[in-house]
>>> print(open('work.txt').read())   # compact mmCIF, C-alpha atoms
# COMPACT_ATOMS: atom_id res chain seq x y z
CA MET A 1 -17.12 -4.56 6.17
CA SER A 2 -18.73 -7.97 6.04
CA GLU A 3 -20.82 -7.17 9.11
CA ALA A 4 -21.94 -3.80 7.74
CA LEU A 5 -22.93 -5.33 4.41
CA GLY A 6 -24.65 -8.22 6.18
CA ARG A 7 -26.92 -5.82 8.06
CA ALA A 8 -28.02 -4.48 4.68
CA GLY A 9 -28.79 -7.98 3.39
CA TYR A 10 -25.61 -8.63 1.40
CA HIS A 11 -22.96 -11.33 1.69
CA LEU A 12 -19.27 -10.60 1.07
CA GLU A 13 -17.31 -13.18 -0.93
CA PHE A 14 -13.68 -13.25 -2.08
CA ASP A 15 -12.81 -13.81 -5.75
CA TYR A 16 -9.09 -14.23 -6.43
CA HIS A 17 -7.70 -13.83 -9.96
CA PRO A 18 -3.91 -13.26 -9.83
CA GLY A 19 -3.56 -13.64 -13.59
CA LEU A 20 -5.34 -10.33 -14.13
CA TRP A 21 -2.28 -8.39 -13.01
CA SER A 22 -0.23 -9.62 -15.96
CA LEU A 23 -2.83 -8.83 -18.64
CA ARG A 24 -2.38 -5.62 -20.60
CA ARG A 25 -5.90 -5.90 -22.00
CA PRO A 26 -8.02 -7.61 -19.33
CA ALA A 27 -11.41 -6.63 -20.80
CA THR A 28 -12.39 -10.10 -22.04
CA THR A 29 -11.40 -11.78 -18.77
CA LEU A 30 -13.15 -9.12 -16.68
CA SER A 31 -16.33 -9.53 -18.74
CA LYS A 32 -16.37 -13.24 -17.92
CA ILE A 33 -15.50 -12.75 -14.25
CA THR A 34 -18.19 -10.14 -13.68
CA ASP A 35 -20.92 -12.09 -15.51
CA CYS A 36 -22.49 -13.06 -12.18
CA PRO A 37 -26.24 -12.32 -12.03
CA ASN A 38 -26.35 -12.50 -8.23
CA THR A 39 -23.45 -10.11 -7.65
CA ALA A 40 -24.53 -6.61 -6.61
CA ALA A 41 -21.13 -4.86 -6.65
CA TRP A 42 -17.38 -5.38 -6.74
CA LEU A 43 -14.67 -4.27 -4.33
CA LEU A 44 -11.30 -3.90 -6.07
CA TYR A 45 -8.14 -4.74 -4.10
CA ARG A 46 -4.81 -3.57 -5.60
CA PRO A 47 -6.32 -3.11 -9.09
CA THR A 48 -4.07 -2.20 -12.00
CA GLN A 49 -4.76 0.89 -14.08
CA GLN A 50 -6.34 -1.25 -16.81
CA ILE A 51 -8.69 -2.92 -14.31
CA GLN A 52 -9.71 0.41 -12.82
CA GLU A 53 -10.33 1.90 -16.27
CA TRP A 54 -12.48 -1.05 -17.30
CA PHE A 55 -14.73 -0.80 -14.24
CA SER A 56 -14.81 2.99 -14.59
CA LYS A 57 -16.27 2.71 -18.09
CA SER A 58 -18.70 -0.09 -17.23
CA ASP A 59 -22.10 0.17 -15.59
CA ILE A 60 -21.06 -2.31 -12.91
CA PRO A 61 -21.13 -0.91 -9.36
CA ALA A 62 -17.57 -1.00 -8.01
CA VAL A 63 -15.41 0.60 -5.33
CA ALA A 64 -11.61 0.63 -5.19
CA ILE A 65 -9.51 0.18 -2.06
CA GLY A 66 -6.90 2.92 -2.08
CA ASP A 67 -6.21 5.58 -4.68
CA VAL A 68 -7.28 5.65 -8.33
CA PHE A 69 -5.35 6.51 -11.49
CA PRO A 70 -5.92 9.81 -13.34
CA GLY A 71 -9.09 9.79 -15.41
CA VAL A 72 -10.66 6.90 -13.48
CA VAL A 73 -14.17 7.57 -12.14
CA LEU A 74 -14.57 5.23 -9.19
CA SER A 75 -15.46 5.78 -5.55
CA HIS A 76 -12.57 4.77 -3.33
CA ALA A 77 -11.35 4.77 0.25
CA GLY A 78 -8.14 3.89 1.96
CA PHE A 79 -5.38 4.90 4.32
CA ASP A 80 -3.55 8.14 3.53
CA LEU A 81 -0.24 6.40 2.92
CA PRO A 82 1.34 9.30 1.00
CA ALA A 83 0.93 11.37 4.18
CA ALA A 84 2.65 8.59 6.11
CA CYS A 85 5.53 8.64 3.62
CA ARG A 86 5.97 12.39 3.99
CA HIS A 87 5.93 12.03 7.77
CA ALA A 88 8.49 9.20 7.64
CA VAL A 89 10.89 11.31 5.58
CA GLY A 90 10.65 14.18 8.06
CA LEU A 91 11.11 11.84 11.01
CA LEU A 92 14.17 10.14 9.51
CA ALA A 93 15.68 13.52 8.66
CA SER A 94 15.14 14.73 12.22
CA ARG A 95 17.06 11.69 13.44
CA GLY A 96 20.10 12.42 11.32
CA ARG A 97 19.38 10.22 8.28
CA ARG A 98 20.44 11.77 4.98
CA SER A 99 20.13 9.09 2.28
CA LEU A 100 16.73 7.39 2.23
CA ALA A 101 15.26 4.44 0.37
CA PHE A 102 11.63 3.52 -0.32
CA LEU A 103 11.09 -0.18 -1.07
CA THR A 104 7.94 -1.37 -2.84
CA VAL A 105 6.91 -4.26 -5.08
CA THR A 106 6.37 -4.34 -8.82
CA ASN A 107 2.85 -3.97 -10.27
CA SER A 108 2.48 -0.72 -8.39
CA THR A 109 -1.01 0.53 -7.69
CA ALA A 110 -2.11 4.15 -7.95
CA GLY A 111 -1.56 4.42 -4.21
CA ASP A 112 1.97 3.01 -4.44
CA LEU A 113 2.84 5.52 -7.16
CA ALA A 114 1.39 8.35 -5.06
CA CYS A 115 3.60 7.21 -2.17
CA VAL A 116 6.69 7.25 -4.37
CA ALA A 117 5.86 10.79 -5.51
CA ALA A 118 5.25 11.94 -1.92
CA PHE A 119 8.50 10.33 -0.74
CA LYS A 120 10.56 11.97 -3.49
CA GLU A 121 8.94 15.36 -2.96
CA ALA A 122 9.53 15.28 0.80
CA CYS A 123 13.17 14.26 0.30
CA ALA A 124 13.70 17.07 -2.23
CA GLN A 125 12.25 19.65 0.14
CA LEU A 126 14.65 18.57 2.89
CA GLY A 127 17.69 18.13 0.66
CA LEU A 128 17.87 14.36 1.15
CA GLU A 129 18.89 11.68 -1.34
CA ALA A 130 15.88 9.61 -2.42
CA ASN A 131 16.17 6.01 -3.68
CA CYS A 132 12.86 4.47 -4.81
CA LEU A 133 13.16 0.85 -5.91
CA GLU A 134 10.73 -1.89 -6.92
CA TYR A 135 11.33 -5.61 -6.48
CA ASP A 136 9.34 -8.72 -7.31
CA ASP A 137 7.28 -9.89 -4.36
CA THR A 138 9.84 -12.46 -3.16
CA LEU A 139 12.55 -12.53 -0.51
CA ASP A 140 15.19 -13.11 -3.19
CA GLY A 141 13.98 -10.02 -5.03
CA LEU A 142 14.04 -7.99 -1.84
CA CYS A 143 17.56 -9.11 -0.89
CA HIS A 144 18.89 -8.43 -4.39
CA THR A 145 17.45 -4.90 -4.23
CA LEU A 146 18.94 -4.30 -0.79
CA ASP A 147 22.33 -5.50 -2.02
CA SER A 148 22.18 -2.95 -4.86
CA LEU A 149 21.52 -0.20 -2.32
CA LEU A 150 24.30 -1.38 -0.01
CA ALA A 151 26.72 -1.17 -2.94
CA LYS A 152 26.08 2.57 -3.24
CA THR A 153 28.36 5.24 -1.79
CA PRO A 154 27.15 6.48 0.56
CA ARG A 155 24.85 3.69 1.64
CA PRO A 156 21.25 4.64 2.47
CA ASP A 157 20.88 5.15 6.20
CA GLY A 158 17.08 5.23 6.30
CA TYR A 159 14.60 2.74 4.82
CA LEU A 160 10.82 2.91 4.40
CA ALA A 161 9.38 -0.53 3.58
CA ALA A 162 6.02 -0.49 1.80
CA PHE A 163 4.81 -3.88 3.02
CA ALA A 164 4.90 -5.13 6.58
CA ASN A 165 5.52 -8.79 5.75
CA HIS A 166 8.97 -7.97 4.35
CA VAL A 167 10.14 -5.71 7.18
CA PRO A 168 11.71 -8.48 9.34
CA ALA A 169 13.58 -9.76 6.28
CA THR A 170 14.74 -6.24 5.44
CA ILE A 171 16.21 -5.78 8.91
CA GLY A 172 17.68 -9.30 8.96
CA HIS A 173 19.37 -8.91 5.57
CA LEU A 174 20.79 -5.49 6.41
CA ASN A 175 22.24 -6.86 9.64
CA ARG A 176 23.84 -9.88 7.99
CA ARG A 177 25.44 -7.57 5.41
CA GLY A 178 27.01 -5.56 8.22
CA CYS A 179 24.53 -2.71 8.11
CA ARG A 180 23.28 -2.60 11.70
CA VAL A 181 19.72 -1.51 12.52
CA PRO A 182 19.35 1.13 13.86
CA GLU A 183 23.03 2.06 14.38
CA ASP A 184 23.85 2.25 10.64
CA ALA A 185 20.36 2.45 9.16
CA ALA A 186 16.83 3.07 10.41
CA VAL A 187 13.85 1.05 9.13
CA ILE A 188 10.18 2.08 9.16
CA SER A 189 7.20 0.07 7.92
CA ARG A 190 4.57 1.94 5.88
CA LEU A 191 1.95 -0.52 7.14
CA ASP A 192 1.26 -2.37 10.36
CA ALA A 193 0.92 -6.07 11.09
CA ARG A 194 0.76 -8.12 14.25
CA LEU A 195 4.20 -9.65 13.70
CA LEU A 196 5.76 -6.18 13.87
CA ALA A 197 4.46 -5.55 17.39
CA GLU A 198 6.14 -8.79 18.51
CA SER A 199 9.51 -8.22 16.81
CA ILE A 200 12.92 -7.54 18.30
CA PRO A 201 13.96 -4.82 17.78
CA SER A 202 10.53 -3.19 18.03
CA ILE A 203 9.47 -1.90 14.62
CA ALA A 204 8.57 1.71 13.86
CA ARG A 205 5.40 1.60 11.78
CA TYR A 206 2.17 3.28 10.77
CA GLU A 207 -0.98 1.94 12.39
CA ALA A 208 -4.42 2.56 10.88
CA ASP A 209 -7.99 1.78 11.88
CA GLU A 210 -8.90 -1.14 9.62
CA GLU A 211 -12.40 -1.52 11.08
CA ARG A 212 -13.15 2.11 10.29
CA LEU A 213 -11.97 1.56 6.73
CA GLY A 214 -14.16 -1.53 6.43
CA ARG A 215 -17.26 0.39 7.51
CA CYS A 216 -16.41 3.19 5.08
CA LEU A 217 -15.95 0.79 2.16
CA ALA A 218 -19.24 -0.90 2.98
CA ARG A 219 -20.99 2.46 2.95
CA LEU A 220 -19.52 3.33 -0.45
CA LEU A 221 -20.52 -0.08 -1.85
CA LEU A 222 -24.10 0.34 -0.67
CA GLN A 223 -24.25 3.80 -2.24
CA GLU A 224 -23.07 2.34 -5.54
CA ILE A 225 -25.60 -0.49 -5.35
CA GLU A 226 -28.40 1.92 -4.59
CA ASN A 227 -27.27 4.12 -7.49
CA GLU A 228 -26.85 7.22 -5.34
CA LYS A 229 -25.23 10.10 -7.24
CA LYS A 230 -24.37 7.92 -10.21
CA GLY A 231 -21.16 9.04 -11.91
CA VAL A 232 -20.06 11.18 -8.97
CA PRO A 233 -17.10 9.41 -7.30
CA ARG A 234 -16.69 9.70 -3.56
CA SER A 235 -13.47 9.27 -1.63
CA HIS A 236 -12.52 8.91 2.01
CA TRP A 237 -9.05 8.87 3.55
CA ILE A 238 -8.00 7.66 6.99
CA LEU A 239 -4.79 9.09 8.41
CA PRO A 240 -2.45 6.44 9.88
CA GLU A 241 -0.85 6.98 13.29
CA PHE A 242 2.89 6.62 13.77
CA VAL A 243 4.03 4.02 16.29
CA ASP A 244 7.68 4.53 17.20
CA GLY A 245 10.09 1.65 17.60
CA ASP A 246 13.75 0.82 18.12
CA SER A 247 14.24 0.18 14.39
CA ALA A 248 13.97 3.91 13.68
CA LYS A 249 16.03 5.30 16.56
CA SER A 250 18.79 7.75 15.69
CA SER A 251 22.29 6.34 15.38
CA SER A 252 23.33 8.18 18.55
CA SER A 253 20.50 6.76 20.70
>>> encode(input="work.txt", output="structure tokens")
Amino acid sequence: MSEALGRAGYHLEFDYHPGLWSLRRPATTLSKITDCPNTAAWLLYRPTQQIQEWFSKSDIPAVAIGDVFPGVVLSHAGFDLPAACRHAVGLLASRGRRSLAFLTVTNSTAGDLACVAAFKEACAQLGLEANCLEYDDTLDGLCHTLDSLLAKTPRPDGYLAAFANHVPATIGHLNRRGCRVPEDAAVISRLDARLLAESIPSIARYEADEERLGRCLARLLLQEIENEKKGVPRSHWILPEFVDGDSAKSSSS
């Protein structure tokens, strides 16, 4: 993305404001943040509904990474993660898993909520039990959530983890609680990361073309800057590719 924008004469910078996620009315803060005369457009990473709505109503060129909330008029692009969730449910079902869990963090984005809906719908269609839980973005929060699932009868025997950085901890905690992966439970990562390719057991995951997404986001940003089709949001989705791994093998494998 940076290279594509650079060829058009723009420079990409990162502006990090974690406090925005906890504000119910972020308008005043956003007005101050965006008061930058040399900034041509904004790229929104994991924006809350309030942040999306504010940019949607403003005249500031902006593009969102991932999905948008209902009523929000913003161009956006991302990986089709709901499709990955539906595929994961079907795969786990085909490998004999009957009670599934989707693990994601609090402060869900529009894309996260779409994944939850897709996961539940796919489970309902196949007659599977669906457990969708949020946890704070810490290892303690993750382990506490896993313990609550392990206390259920029957225990979930298939897990879809929303974020790659917590997949090794998910597998490690399940194993130390006596829930063996993959003998007792399968684990799939909704996203890919280099550490997953180097893990033992090998991790089943969804791999997506990040460079392609970067080029697409750059194109959308340039269209917003150049005021092409003002008020007409554009969207582009990239389908992830499933990479199988030992963590998702059937219990009889």
>>> closest_residue(input="work.txt", among="A:Gly158, A:Ile65, A:Ser108, A:Cys143", to="Val89 of chain A", atoms="all atoms listed in the file")
A:Gly158
>>> atom_distance(input="work.txt", atom1="atom CA of Glu198 of chain A", atom2="atom CA of Ile171 of chain A")
14.2 Å
>>> closest_residue(input="work.txt", among="A:Ala161, A:Val167, A:Cys179, A:Val63", to="Val105 of chain A", atoms="only C-alpha atoms")
A:Ala161
>>> atom_distance(input="work.txt", atom1="atom CA of Ala248 of chain A", atom2="atom CA of Ala118 of chain A")
19.6 Å
>>> residues_around(input="work.txt", residues="segment 190-196 of chain A", least_positions_apart="2", cutoff="12 Å", atoms="all atoms listed in the file", output="ChimeraX atom specification")
/A:79-89,102-104,112,115-116,119,159-169,171,187-188,198-210,239-247
>>> closest_residue(input="work.txt", among="A:Pro233, A:Gly71, A:Pro156, A:Pro47", to="Leu92 of chain A", atoms="all atoms listed in the file")
A:Pro156
>>> residues_near_point(input="work.txt", point="(15.7, 15.5, 7.8)", cutoff="10 Å", atoms="only C-alpha atoms", output="ChimeraX atom specification")
/A:88-100,122-123,125-128
>>> atom_distance(input="work.txt", atom1="atom CA of Leu139 of chain A", atom2="atom CA of Thr170 of chain A")
8.9 Å
>>> closest_residue(input="work.txt", among="A:Ala197, A:Ile60, A:Trp237, A:Leu222", to="Ser31 of chain A", atoms="only C-alpha atoms")
A:Ile60
>>> closest_residue(input="work.txt", among="A:Val181, A:Ala186, A:Leu113, A:Leu43", to="Ser2 of chain A", atoms="only C-alpha atoms")
A:Leu43
>>> residues_around(input="work.txt", residues="segment 211-216 of chain A", least_positions_apart="2", cutoff="7 Å", atoms="only C-alpha atoms", output="list in words")
Met1, Ala4, Gly78, Asp209, Ala218, Arg219 and Leu220 of chain A
>>> closest_residue(input="work.txt", among="A:Lys57, A:His236, A:Arg177, A:His11", to="Ser148 of chain A", atoms="all atoms listed in the file")
A:Arg177
>>> residues_around(input="work.txt", residues="Leu23 of chain A", least_positions_apart="5", cutoff="10 Å", atoms="all atoms listed in the file", output="number ranges by chain")
A: 18, 29, 48, 50-51
>>> decode(input="work.txt", residues="segment 53-64 of chain A", atoms="all heavy atoms", output="short mmCIF file (atom, residue, chain, number, x, y, z; two decimals), in the first residue's frame")
data_model
loop_
_atom_site.label_atom_id
_atom_site.label_comp_id
_atom_site.auth_asym_id
_atom_site.auth_seq_id
_atom_site.Cartn_x
_atom_site.Cartn_y
_atom_site.Cartn_z
N GLU A 53 -19.18 5.93 11.74
CA GLU A 53 -20.30 6.86 11.51
C GLU A 53 -19.81 8.30 11.41
O GLU A 53 -20.30 9.08 10.59
CB GLU A 53 -21.33 6.71 12.62
CG GLU A 53 -22.10 5.39 12.56
CD GLU A 53 -23.02 5.19 13.76
OE1 GLU A 53 -22.83 5.91 14.78
OE2 GLU A 53 -23.88 4.31 13.69
N TRP A 54 -18.83 8.66 12.23
CA TRP A 54 -18.31 10.02 12.21
C TRP A 54 -17.65 10.32 10.85
O TRP A 54 -17.91 11.36 10.24
CB TRP A 54 -17.31 10.23 13.34
CG TRP A 54 -16.87 11.66 13.48
CD1 TRP A 54 -17.48 12.64 14.21
CD2 TRP A 54 -15.74 12.27 12.85
NE1 TRP A 54 -16.79 13.83 14.09
CE2 TRP A 54 -15.72 13.63 13.26
CE3 TRP A 54 -14.74 11.81 12.01
CZ2 TRP A 54 -14.74 14.52 12.83
CZ3 TRP A 54 -13.77 12.69 11.58
CH2 TRP A 54 -13.77 14.03 11.98
N PHE A 55 -16.80 9.43 10.39
CA PHE A 55 -16.15 9.64 9.10
C PHE A 55 -17.17 9.60 7.96
O PHE A 55 -17.04 10.33 6.98
CB PHE A 55 -15.06 8.60 8.86
CG PHE A 55 -13.73 8.95 9.47
CD1 PHE A 55 -13.35 8.44 10.69
CD2 PHE A 55 -12.86 9.80 8.81
CE1 PHE A 55 -12.13 8.77 11.26
CE2 PHE A 55 -11.63 10.15 9.37
CZ PHE A 55 -11.27 9.63 10.60
N SER A 56 -18.17 8.75 8.10
CA SER A 56 -19.20 8.64 7.07
C SER A 56 -19.95 9.95 6.86
O SER A 56 -20.33 10.30 5.74
CB SER A 56 -20.18 7.53 7.43
OG SER A 56 -21.23 7.43 6.51
N LYS A 57 -20.17 10.68 7.96
CA LYS A 57 -20.92 11.93 7.89
C LYS A 57 -20.03 13.14 7.58
O LYS A 57 -20.55 14.23 7.29
CB LYS A 57 -21.67 12.16 9.20
CG LYS A 57 -22.74 11.10 9.47
CD LYS A 57 -23.34 11.28 10.85
CE LYS A 57 -24.37 10.18 11.14
NZ LYS A 57 -24.93 10.29 12.52
N SER A 58 -18.72 12.97 7.66
CA SER A 58 -17.81 14.08 7.42
C SER A 58 -17.48 14.18 5.93
O SER A 58 -17.84 13.31 5.14
CB SER A 58 -16.51 13.88 8.21
OG SER A 58 -15.72 12.87 7.62
N ASP A 59 -16.78 15.23 5.58
CA ASP A 59 -16.32 15.40 4.20
C ASP A 59 -14.86 14.97 4.06
O ASP A 59 -14.20 15.29 3.07
CB ASP A 59 -16.47 16.86 3.76
CG ASP A 59 -17.93 17.27 3.62
OD1 ASP A 59 -18.74 16.41 3.21
OD2 ASP A 59 -18.26 18.43 3.94
N ILE A 60 -14.35 14.24 5.05
CA ILE A 60 -12.96 13.83 5.04
C ILE A 60 -12.82 12.52 4.27
O ILE A 60 -13.50 11.54 4.59
CB ILE A 60 -12.44 13.65 6.49
CG1 ILE A 60 -12.55 14.97 7.25
CG2 ILE A 60 -11.01 13.14 6.49
CD1 ILE A 60 -12.21 14.85 8.73
N PRO A 61 -11.97 12.47 3.27
CA PRO A 61 -11.76 11.21 2.53
C PRO A 61 -11.25 10.12 3.48
O PRO A 61 -10.28 10.33 4.20
CB PRO A 61 -10.71 11.57 1.48
CG PRO A 61 -10.83 13.06 1.32
CD PRO A 61 -11.18 13.58 2.68
N ALA A 62 -11.92 8.97 3.47
CA ALA A 62 -11.53 7.88 4.36
C ALA A 62 -11.96 6.55 3.76
O ALA A 62 -12.97 6.46 3.05
CB ALA A 62 -12.16 8.06 5.74
N VAL A 63 -11.18 5.52 4.09
CA VAL A 63 -11.46 4.15 3.65
C VAL A 63 -11.29 3.24 4.87
O VAL A 63 -10.36 3.42 5.66
CB VAL A 63 -10.50 3.72 2.52
CG1 VAL A 63 -10.66 2.22 2.22
CG2 VAL A 63 -10.75 4.54 1.26
N ALA A 64 -12.19 2.28 5.02
CA ALA A 64 -12.12 1.35 6.14
C ALA A 64 -11.52 0.02 5.70
O ALA A 64 -11.79 -0.46 4.60
CB ALA A 64 -13.51 1.13 6.73
#
